[in-house]
Structures are given as structure tokens and as C-alpha cells.
2 protein chains.
Amino acid sequence: MSSHPFDDALRLESMREGREGSVWRGHTDPRYWHAIGPFGGTTAAIVLNSLLQEQTAEGAPISLSLTYASAIESGEFEVRNARVAASRSTQHWSAQIWQKGKVVVNAIALLAKRRESWSDCESVMPDVPPASSINPGSWSELGLEWLNRYRLRVVRGGFEAVSEGRISAPAITEQWIEDYPPRNLDFPALAACCDAFCSRLYLRKGEMLPAGTVSLTIFFHADHQALSENGSKPVLGVARAGRFYNRFFDQHAEVWREDGVLLATSQQMVWFQG
Amino acid sequence: MSSHPFDDALRLESMREGREGSVWRGHTDPRYWHAIGPFGGTTAAIVLNSLLQEQTAEGAPISLSLTYASAIESGEFEVRNARVAASRSTQHWSAQIWQKGKVVVNAIALLAKRRESWSDCESVMPDVPPASSINPGSWSELGLEWLNRYRLRVVRGGFEAVSEGRISAPAITEQWIEDYPPRNLDFPALAACCDAFCSRLYLRKGEMLPAGTVSLTIFFHADHQALSENGSKPVLGVARAGRFYNRFFDQHAEVWREDGVLLATSQQMVWFQG
């Protein structure tokens with residue numbers, strides 16, 4: 001039985017294990033290739049997955065922040081993790097992806113044991129048609145291989161706009177996202193979903209221009225149970241832009257469970273030419 | 001002539017300088033004390049300021065992400081910086097605040113040389129009364145010393161609600177923020193402004209309950225000129241909550257120049273009891 005491509009892409013071999021952090025070796029997967037490097041969502045997922053596999057890892061992810069220093073090249077890479085602080089309920093980690101003697105991704109993360117408390121959601125899930133009523137898109141002509149690893153059902157602001165050369169302003173995306181083939185949602189997959197959007201720049205310009213995420217932060221609002229209750233059902237991704245200014249713009253995203261549970265929020269800064 | 005309290009709080013002494021990163025020694029300032037530790041905005045500003053003072057620092061801040069491991073105690077601390085990757089136009093830094101042999105803050109940052117490009121703002125500045133039409137609040141009874149270092153003119157959702165024991169739902173804040181005494185806006189001050197809000201939890205509960213920021217990310221949408229054009233004028237801070245869930249909630253904030261320029265966006269995860 002073959003494994004899911006996402007699990008293949010996240011597979012790590014332990015090079016050196018330690019209670020204070022380990023070194024892992026991974027390999028880029030061509031099935032999650034973007035334009036000049038891997039899809040950044042997979043990269044975030046690899047870092048998170050490496051942390052969750054640490055022998056001393058405890059709790060659920062609360063936040064993950066990464067900056068992307070340069071495009072990861074096809075081939076091997078190392079993830080080097082360090083637990084820099086820990087209490088009974090929280091763990092603070094540093095993580096870096098190295099390739100050919102250089103840091104290509106610099107990251108920090110917070111894990112914590114959640115405990116039951118008063119809870120409430122103030123963000124409002126957009127009122128959109130159910131996933132089952134929308135046909136999945138296919139944009140293989142764009143040459144972004146990772147797109148074929150997702151089934152995206154676009155309400156508005158998806159890759160179809162770029163494919164059609166259409167300008168979308170404001171650059172707002174609402175789309176149902178699921179792995180293809182389907183796969184049960186877990187934290188690494190949720191992290192990847194936070195980046196599984198058509199670029200705000202492509203939407204504004206109606207074409208693919210040079211652009212790349214340089215900084216990504218993900219906040220997790222779910223525990224293991226909330227994810228397992230999702231199973232392999234599509235999640236709703238919503239993304240907006242803030243300001244495009246002198247080569248950088250910000251994107252703010254939410255990922256919702258079909259039944260209205262906010263699973264994650266994320267923001268990213270993207271370098272662009274245009 | 002005495003210096004501004006904010007500059008005092010940010011003052012660092014170089015312990016070891018190096019092209020790949022330096023070690024700085026600072027001291028907590030009681031004038032920016034919160035409840036059981038310093039105001040987290042000052043802490044973010046200290047980290048950013050230490051990076052901007054590095055001899056090899058180039059460009060403007062693009063993003064700063066921090067996780068707060070434990071409350072900083074009154075007294076000395078060290079900031080240890082490392083430039084982990086650099087290109088002609090970008091620099092990726094790691095930074096940690098150490099106190100008594102432990103990491104209390106873990107951070108990463110991205111600096112970059114901005115170049116002129118197509119620019120546009122999609123976020124919309126709320127239509128609020130001008131700062132000059134609102135009286136500054138004073139909530140010294142709350143015992144949060146840092147509050148006296150700011151002049152806050154609240155449109156809605158400020159510390160007055162907590163002072164009056166009033167519940168605000170949803171927890172939305174709109175307020176004009178300026179240093180007190182006035183001080184020209186720079187990157188560290190802008191970073192601090194991103195955290196100069198009444199807690200979403202206090203607003204929802206109408207009282208001060210145990211809570212503390214554990215993860216903060218700031219995106220900068222301004223260059224030096226955009227800040228110097230602000231001078232010491234108040235900036236508009238807007239903050240919203242996402243989801244309160246099992247001891248953690250997220251806050252999303254924007255900081256606007258009076259004339260409608262979006263200067264920064266930030267998001268934070270806050271641990272809470274309640």
C-alpha cells in the first residue's frame with residue numbers, strides 16, 4: 001500500500017536525537033513543487049512535523065513563525081531543532097532548515113498543553129455555498145505541481161482568475177480546500193492549508209508575477225480532537241490582503257471547519273515584483 | 001536634558017560585538033511595568049532595537065516574531081542576536097532575551113531593503129473622530145504603570161471599559177495612541193504600539209483576569225520616511241479578537257497613520273485563565 005504524497009513529503013529520518021532537540025534529514029518532493037522551490041505550505045508543515053516528532057515534544061501547536069531565506073533546492077535538506085525554554089505546560093522551540101551549509105528557513109514555535117476554559121469565537125465564518133455544490137478547479141496549465149495535490153473549490157478569488165487573466169480587486173479568496181487524494185486533517189496539513197491560496201498579487205494583477213512568501217505565522221485554534229472530528233472533509237480557507245507597499249504585501253487568512261469552528265489564522269508577508 | 005523614558009527602557013550596552021550578531025545588556029524599566037513583568041510591547045521594541053543597532057544591520061524591518069517564555073523579572077537581561085542568513089537585500093535574524101541563564105524571549109526577524117514598486121492598500125481605516133476631538137483617558141487605578149507612558153484616546157474598547165467593569169462584546173478596540181511625553185515615531189515605538197491595547201479578555205470579561213501574550217508577530221508596512229512623516233502625532237490602533245479557545249485567544253491589530261497610511265499589522269496569541 002502506498003502512502004499519501006503529503007506523508008511522503010514530510011518524511012524525516014533522524015540524524016541525531018536529543019532531549020533538547022534533534023537533527024532530521026528530509027528530501028524535497030517534486031509533487032509539491034511550486035515555481036522555483038517547494039510550496040511554502042509544505043515547508044511549514046515539515047518544520048511543524050519535525051517538532052511534533054521530537055521525543056520531548058508535549059502539547060499542541062499554538063504558534064509557528066517562519067521566515068524563508070532562500071528557495072529550497074530540489075534534494076536533501078536538514079531540519080535542526082532546539083528546545084530553548086519549557087515549563088510544565090509550554091515549550092518554546094527554534095527550528096531551522098539547512099541546505100548546502102546555509103539556513104534556508106528560520107523558525108520559532110510554541111507548543112502548549114491546552115486546558116478547558118471559557119471559549120467563544122468572534123470571527124465570523126463567511127456565508128458560502130457548501131463544498132458539495134462547487135466543482136473542483138483544475139489549473140494544470142499554470143505548471144504549479146502542488147496545486148494537483150489539492151482539491152480546491154473556489155467561491156471567489158482562486159487560481160481560475162489567474163488562468164483567465166482576470167483582475168480581482170480587492171484580492172479576497174474564499175475556497176474549500178482538501179488534500180487530493182483525501183487525507184485526514186492533522187496539524188501539519190492544517191499548517192499547509194494556511195498557505196494554499198492563490199497569491200494576492202496574482203489576483204490583483206491577473207497574472208503570475210515574481211513573488212514569494214518571506215515570513216509566515218500560523219496560530220492554531222484547535223486541539224487534536226477538533227482536527228480528528230474534521231476527518232478528511234474540506235475546510236474553508238479565507239484570505240485577504242492588507243497593504244502592497246514597495247515590494248512587500250501582507251496576507252491574512254483563516255481556516256474554518258465546515259461546521260463553523262475556526263481552526264487556524266495566519267498572516268504572511270510576501271516579497272513581490274510588479 | 002533628560003532622555004525620553006522609552007529611550008531609557010530601550011538602552012542597551014554592547015557586551016560583545018560581531019558581524020554575525022552581538023550580545024547586548026539591558027535593564028528593565030519600572031516605568032514600563034505591566035502586572036508581573038514588563039509591558040510586552042517594550043520587550044518587542046527592545047529586541048527590534050537591538051537588531052537595528054547591529055553593525056551589519058541593513059534595511060528596514062519587515063517582520064518580527066516573538067514568543068514569550070516567562071515573565072521577565074525586574075533587573076538586567078541580555079539580548080543575544082545571530083544573523084543566520086543574508087542576501088544583497090534581506091537579512092534573517094534570530095534573537096533571544098536571556099535572564100538568569102534562561103531564555104525568556106525567543107524571536108526571529110526579517111530586515112530588507114525596500115525598493116519602489118506598485119503599491120496599494122486594501123485594508124480600510126475605520127472612520128473615527130480625530131484624536132483632537134477625544135480626551136485622553138487615565139486609568140492609574142488599574143496599576144499598570146506602562147499605561148502612564150501613553151496618551152490613549154479611546155473611540156471604543158479601551159481600558160475605561162475595564163475600569164468601569166463593563167463587558168464589551170465583540171472585543172473591538174479603536175484608539176489613538178501616542179507616547180507620553182510625545183516622541184517621534186520610529187520602528188521600535190511602532191512595534192510597541194502594536195501591543196498597546198487593553199486585553200481582548202479584559203474587554204470580554206469586564207475585569208482584569210490572568211492573561212499574558214505568548215506569541216506576537218508584527219509586520220511593518222512602512223519605511224523610515226513614512227515614520228518620520230508621522231513625527232510625534234498620534235496613530236490609530238485597531239484590534240479585534242479571533243477565537244477564545246481552551247486558554248488561548250488571538251488578537252489582530254492594525255496601526256494607521258492619521259492620514260490613512262497603514263503602518264503595521266500584528267497578531268498575537270494570548271494565554272488566559274477565565
# chains A, B, ... in the order shown; residues from 1 in each chain; ligands from 1
>>> interface_residues(of="chain B", to="chain A", cutoff="7 Å", atoms="only C-alpha atoms", output="ChimeraX atom specification")
/B:63,65,69,84-85,92,103,107-108,114-123,170,215,221,241-247,274
>>> residues_around(residues="segment 46-53 of chain B", least_positions_apart="4", cutoff="10 Å", atoms="only C-alpha atoms", output="ChimeraX atom specification")
/B:6-7,9-14,21-26,40-42,57-61,63-66,79-83,93-97,105-111,186-189,191-192
>>> select_by_dssp(residues="segment 67-266 of chain A", states="alpha helix (DSSP H)", output="ChimeraX atom specification")
/A:159-163,187-193,200-205,224-228
>>> closest_residue(among="B:Glu76, B:Asp195, B:Asp259, B:Glu164", to="Met125 of chain B", atoms="only C-alpha atoms")
B:Asp259
>>> closest_residue(among="B:Glu54, B:Trp33, B:Tyr202, B:Glu73", to="Glu17 of chain B", atoms="only C-alpha atoms")
B:Glu54
>>> select_by_dssp(residues="segment 122-265 of chain A", states="strand (DSSP E or B)", output="ChimeraX atom specification")
/A:150-156,173-179,211-220,235-245,248-257,262-265
